Amino acid sequence: MTELMDRNLALELSRATEAAALAAARLMGRRDRDGADQAAVDAMRYALSSLDIDGTVVIGEGQKDQGSMLHVGERVGTGSTPALDVAVDPIDGVTLLTNGRPGAISVAALADRHTLFSTQLAYMDKIVVGPRAAGVIDINAPVKENLRQIAKAEGREVDDLTVVMLDRPRHERLIKEVKEAGARIKLISEGDVAPGVMAAMEEDTGIDVLMGTGGSPEAVLIACALKCLGGQMQCRFWPRDEQDRQILESEGHDLDRILTVDDLCKGRNVFVAVTGITDGELLRGVRYTGGYARTTSLMMRSVSGGVRWMEARHDLKRLKEIAGTRYEGVKHRQIHH
């Protein structure tokens, strides 16, 4: 059994999400997806390089032949213990950022080595709730029944609940069923990591449940957060076509399998950091003020269940000087890690 870790790596990990957010926020509203992505990736990689861990990226931005991205299999950190799985999304909600809209975040998670779920399948169907409704959801049950059970567990009526989901044509039936059940609906245009976290913090956010189909990497990141916050998630694979079914078969996954938080994130030592890029309901975005920038971050740790909000002020001139003196060494170490 993995030993519990005294060190709170979430505090150190927040440097990586802060760096990505600071770099990406400069490109807000410029409609430059590639530029924003690359800026966030470069900054996050740089910050991760100084983290005293032996990290392997299992949820990343690209494939191994895309050397500019934080690809699956890439080694990060200084190479010292502990050995950890790393999941990153330098920009969750890149279209939100490039169009200057609210809700873009940078997120990263660490967990014990070989404990994070990995698949090449792009999408999963999800249902996410907070701690009070953790034992009552069933992704195979009718929407109306799930909402009734969630309301009962939380001591409320169904029409008190708010369900968040991506605004996609594939969710038309789901929207209809939620309406018929009587719950409120919040449609989002992109990025379901933040809404998944918000569903686990319903008392602070007003979001009670996340439903619908979204990204598989995002499901793993949400599971890491739930390991720290409590709550529950159930997922099932959502193949779009025969090629997706072949991917599942090649990976040895059962199409009918229901995945839980513990399936997606088995680690006992889990750390998550989230930093706002643009203003959102979960976190405030980056603010630039005359040589300084302010960031707002959320940090979580599974062992203690500790959750911290942190507002930081960054001296941009000093950060630039530090990066300038160390960046070449970082690039060299990444190439020969």
# chains A, B, ... in the order shown; residues from 1 in each chain; ligands from 1
call {"tool": "residues_around", "arguments": {"residues": "stretch 44-56 of chain A", "least_positions_apart": "5", "cutoff": "6 Å", "atoms": "only C-alpha atoms", "output": "ChimeraX atom specification"}}
result
/A:16,19-20,73-86
call {"tool": "write_last_selection", "arguments": {"atoms": "C-alpha atoms", "output": "compact mmCIF listing (two decimals), in the first residue's frame"}}
result
# COMPACT_ATOMS: atom_id res chain seq x y z
CA ALA A 16 2.75 25.59 -12.82
CA ALA A 19 2.67 30.27 -14.95
CA ALA A 20 0.39 28.85 -17.65
CA GLY A 73 4.90 9.91 -21.69
CA GLU A 74 6.95 13.08 -21.20
CA ARG A 75 9.09 13.23 -18.06
CA VAL A 76 8.76 16.34 -15.91
CA GLY A 77 10.30 17.49 -12.66
CA THR A 78 13.85 17.21 -11.37
CA GLY A 79 13.79 13.41 -11.33
CA SER A 80 13.85 13.08 -7.54
CA THR A 81 11.28 11.18 -5.49
CA PRO A 82 8.35 10.84 -5.30
CA ALA A 83 7.45 9.08 -8.54
CA LEU A 84 4.12 10.45 -9.72
CA ASP A 85 1.60 10.46 -12.56
CA VAL A 86 0.97 13.93 -13.96
call {"tool": "select_by_dssp", "arguments": {"residues": "stretch 122-271 of chain A", "states": "strand (DSSP E)", "output": "VMD selection string"}}
result
chain A and resid 123 to 129 162 to 166 184 to 188 209 to 215 232 to 237 258 to 260 270 to 271
call {"tool": "residues_around", "arguments": {"residues": "stretch 138-148 of chain A", "least_positions_apart": "4", "cutoff": "12 Å", "atoms": "only C-alpha atoms", "output": "MDAnalysis selection string"}}
result
chainID A and resid 124:129 133:134 152:163 173:184 208:213 232:237 256:260
call {"tool": "write_last_selection", "arguments": {"atoms": "N, CA and C atoms", "output": "tab-separated table (two decimals), in the first residue's frame"}}
result
chain	number	residue	atom	x	y	z
A	124	MET	N	-16.37	10.71	-22.84
A	124	MET	CA	-17.09	9.89	-21.87
A	124	MET	C	-18.38	10.60	-21.48
A	125	ASP	N	-19.40	9.82	-21.16
A	125	ASP	CA	-20.62	10.34	-20.57
A	125	ASP	C	-20.41	10.39	-19.06
A	126	LYS	N	-20.83	11.50	-18.41
A	126	LYS	CA	-20.50	11.71	-17.00
A	126	LYS	C	-21.71	12.17	-16.20
A	127	ILE	N	-21.67	11.83	-14.93
A	127	ILE	CA	-22.54	12.46	-13.93
A	127	ILE	C	-21.69	12.71	-12.70
A	128	VAL	N	-21.70	13.95	-12.21
A	128	VAL	CA	-20.86	14.36	-11.08
A	128	VAL	C	-21.72	15.07	-10.04
A	129	VAL	N	-21.54	14.69	-8.77
A	129	VAL	CA	-22.26	15.32	-7.67
A	129	VAL	C	-21.30	15.55	-6.50
A	133	ALA	N	-24.59	13.82	-2.06
A	133	ALA	CA	-25.31	12.95	-2.99
A	133	ALA	C	-24.42	11.85	-3.55
A	134	ALA	N	-23.27	11.64	-2.92
A	134	ALA	CA	-22.28	10.73	-3.48
A	134	ALA	C	-22.77	9.29	-3.61
A	152	LYS	N	-33.33	14.47	-2.81
A	152	LYS	CA	-33.64	13.84	-1.52
A	152	LYS	C	-32.41	13.81	-0.62
A	153	ALA	N	-31.25	13.44	-1.19
A	153	ALA	CA	-30.02	13.36	-0.40
A	153	ALA	C	-29.61	14.74	0.13
A	154	GLU	N	-29.95	15.79	-0.61
A	154	GLU	CA	-29.55	17.13	-0.21
A	154	GLU	C	-30.65	17.86	0.56
A	155	GLY	N	-31.77	17.17	0.80
A	155	GLY	CA	-32.85	17.77	1.57
A	155	GLY	C	-33.53	18.91	0.86
A	156	ARG	N	-33.67	18.76	-0.47
A	156	ARG	CA	-34.28	19.81	-1.27
A	156	ARG	C	-35.27	19.21	-2.25
A	157	GLU	N	-35.90	20.10	-3.02
A	157	GLU	CA	-36.78	19.67	-4.09
A	157	GLU	C	-36.00	19.65	-5.41
A	158	VAL	N	-36.51	18.88	-6.38
A	158	VAL	CA	-35.83	18.80	-7.66
A	158	VAL	C	-35.73	20.16	-8.33
A	159	ASP	N	-36.77	20.99	-8.18
A	159	ASP	CA	-36.72	22.30	-8.84
A	159	ASP	C	-35.77	23.28	-8.17
A	160	ASP	N	-35.15	22.85	-7.04
A	160	ASP	CA	-34.08	23.64	-6.43
A	160	ASP	C	-32.73	23.36	-7.08
A	161	LEU	N	-32.60	22.25	-7.78
A	161	LEU	CA	-31.31	21.80	-8.31
A	161	LEU	C	-30.93	22.55	-9.58
A	162	THR	N	-29.62	22.73	-9.76
A	162	THR	CA	-29.08	23.29	-11.00
A	162	THR	C	-28.16	22.25	-11.65
A	163	VAL	N	-28.47	21.91	-12.89
A	163	VAL	CA	-27.69	20.93	-13.65
A	163	VAL	C	-26.88	21.68	-14.69
A	173	ARG	N	-31.69	15.71	-26.04
A	173	ARG	CA	-32.56	14.80	-25.29
A	173	ARG	C	-32.36	14.97	-23.79
A	174	LEU	N	-31.11	15.10	-23.38
A	174	LEU	CA	-30.81	15.29	-21.96
A	174	LEU	C	-31.44	16.57	-21.44
A	175	ILE	N	-31.35	17.64	-22.21
A	175	ILE	CA	-31.96	18.90	-21.81
A	175	ILE	C	-33.46	18.73	-21.61
A	176	LYS	N	-34.09	18.04	-22.54
A	176	LYS	CA	-35.53	17.80	-22.46
A	176	LYS	C	-35.89	17.02	-21.19
A	177	GLU	N	-35.09	15.99	-20.86
A	177	GLU	CA	-35.38	15.16	-19.69
A	177	GLU	C	-35.18	15.94	-18.39
A	178	VAL	N	-34.16	16.81	-18.34
A	178	VAL	CA	-33.94	17.62	-17.15
A	178	VAL	C	-35.08	18.62	-16.98
A	179	LYS	N	-35.51	19.22	-18.08
A	179	LYS	CA	-36.65	20.15	-18.03
A	179	LYS	C	-37.91	19.46	-17.52
A	180	GLU	N	-38.16	18.26	-18.04
A	180	GLU	CA	-39.34	17.51	-17.62
A	180	GLU	C	-39.28	17.12	-16.15
A	181	ALA	N	-38.07	16.89	-15.65
A	181	ALA	CA	-37.91	16.56	-14.23
A	181	ALA	C	-38.14	17.78	-13.34
A	182	GLY	N	-37.92	18.97	-13.90
A	182	GLY	CA	-38.20	20.20	-13.14
A	182	GLY	C	-36.98	20.94	-12.64
A	183	ALA	N	-35.77	20.43	-12.94
A	183	ALA	CA	-34.56	21.10	-12.46
A	183	ALA	C	-34.17	22.26	-13.37
A	184	ARG	N	-33.34	23.13	-12.85
A	184	ARG	CA	-32.81	24.23	-13.64
A	184	ARG	C	-31.61	23.74	-14.45
A	208	ASP	N	-25.23	21.88	-8.70
A	208	ASP	CA	-25.51	20.64	-7.95
A	208	ASP	C	-25.07	19.38	-8.66
A	209	VAL	N	-25.09	19.38	-9.98
A	209	VAL	CA	-24.74	18.17	-10.72
A	209	VAL	C	-24.27	18.53	-12.12
A	210	LEU	N	-23.23	17.84	-12.57
A	210	LEU	CA	-22.78	17.91	-13.96
A	210	LEU	C	-23.27	16.66	-14.66
A	211	MET	N	-23.89	16.84	-15.82
A	211	MET	CA	-24.36	15.72	-16.62
A	211	MET	C	-23.93	15.90	-18.07
A	212	GLY	N	-23.84	14.78	-18.78
A	212	GLY	CA	-23.62	14.84	-20.22
A	212	GLY	C	-22.26	14.33	-20.64
A	213	THR	N	-22.02	14.43	-21.94
A	213	THR	CA	-20.82	13.89	-22.57
A	213	THR	C	-19.77	14.98	-22.73
A	232	GLN	N	-18.89	12.33	-5.92
A	232	GLN	CA	-18.80	11.11	-6.72
A	232	GLN	C	-19.02	11.43	-8.18
A	233	MET	N	-18.45	10.60	-9.02
A	233	MET	CA	-18.66	10.67	-10.46
A	233	MET	C	-18.79	9.26	-11.00
A	234	GLN	N	-19.68	9.11	-11.95
A	234	GLN	CA	-19.76	7.88	-12.72
A	234	GLN	C	-19.63	8.24	-14.20
A	235	CYS	N	-18.87	7.44	-14.91
A	235	CYS	CA	-18.65	7.68	-16.34
A	235	CYS	C	-18.84	6.38	-17.12
A	236	ARG	N	-19.17	6.53	-18.38
A	236	ARG	CA	-19.16	5.39	-19.29
A	236	ARG	C	-18.60	5.86	-20.62
A	237	PHE	N	-17.97	4.93	-21.31
A	237	PHE	CA	-17.35	5.27	-22.58
A	237	PHE	C	-18.40	5.73	-23.59
A	256	ASP	N	-19.40	-1.44	-21.81
A	256	ASP	CA	-20.48	-1.27	-20.84
A	256	ASP	C	-19.99	-0.97	-19.42
A	257	ARG	N	-18.69	-0.89	-19.24
A	257	ARG	CA	-18.14	-0.67	-17.90
A	257	ARG	C	-18.49	0.73	-17.38
A	258	ILE	N	-18.88	0.79	-16.13
A	258	ILE	CA	-19.11	2.07	-15.45
A	258	ILE	C	-17.86	2.41	-14.65
A	259	LEU	N	-17.30	3.57	-14.91
A	259	LEU	CA	-16.08	4.01	-14.24
A	259	LEU	C	-16.43	4.97	-13.11
A	260	THR	N	-15.80	4.78	-11.97
A	260	THR	CA	-16.01	5.65	-10.81
A	260	THR	C	-14.76	6.48	-10.55
call {"tool": "residues_around", "arguments": {"residues": "A:Glu251", "least_positions_apart": "4", "cutoff": "12 Å", "atoms": "only C-alpha atoms", "output": "MDAnalysis selection string"}}
result
chainID A and resid 117:121 244:247 255
call {"tool": "atom_distance", "arguments": {"atom1": "atom CA of A:Asn269", "atom2": "atom CA of A:Val197"}}
result
18.2 Å
call {"tool": "residues_around", "arguments": {"residues": "A:Val220", "least_positions_apart": "3", "cutoff": "7 Å", "atoms": "only C-alpha atoms", "output": "number ranges by chain"}}
result
A: 117, 216-217, 223-224, 264-265
call {"tool": "select_by_dssp", "arguments": {"residues": "stretch 71-246 of chain A", "states": "alpha helix (DSSP H)", "output": "NGL selection string"}}
result
:A and (94-98 or 143-153 or 172-181 or 193-199 or 202-205 or 216-229 or 242-246)
call {"tool": "closest_residue", "arguments": {"among": "A:Ala25, A:Ala109, A:Leu96, A:Val88", "to": "A:Ser302", "atoms": "only C-alpha atoms"}}
result
A:Ala109
call {"tool": "atom_distance", "arguments": {"atom1": "atom CA of A:Pro131", "atom2": "atom CA of A:Ala225"}}
result
12.2 Å
call {"tool": "closest_residue", "arguments": {"among": "A:Gly280, A:Gly191, A:Gly267, A:Gly130", "to": "A:Leu229", "atoms": "only C-alpha atoms"}}
result
A:Gly130
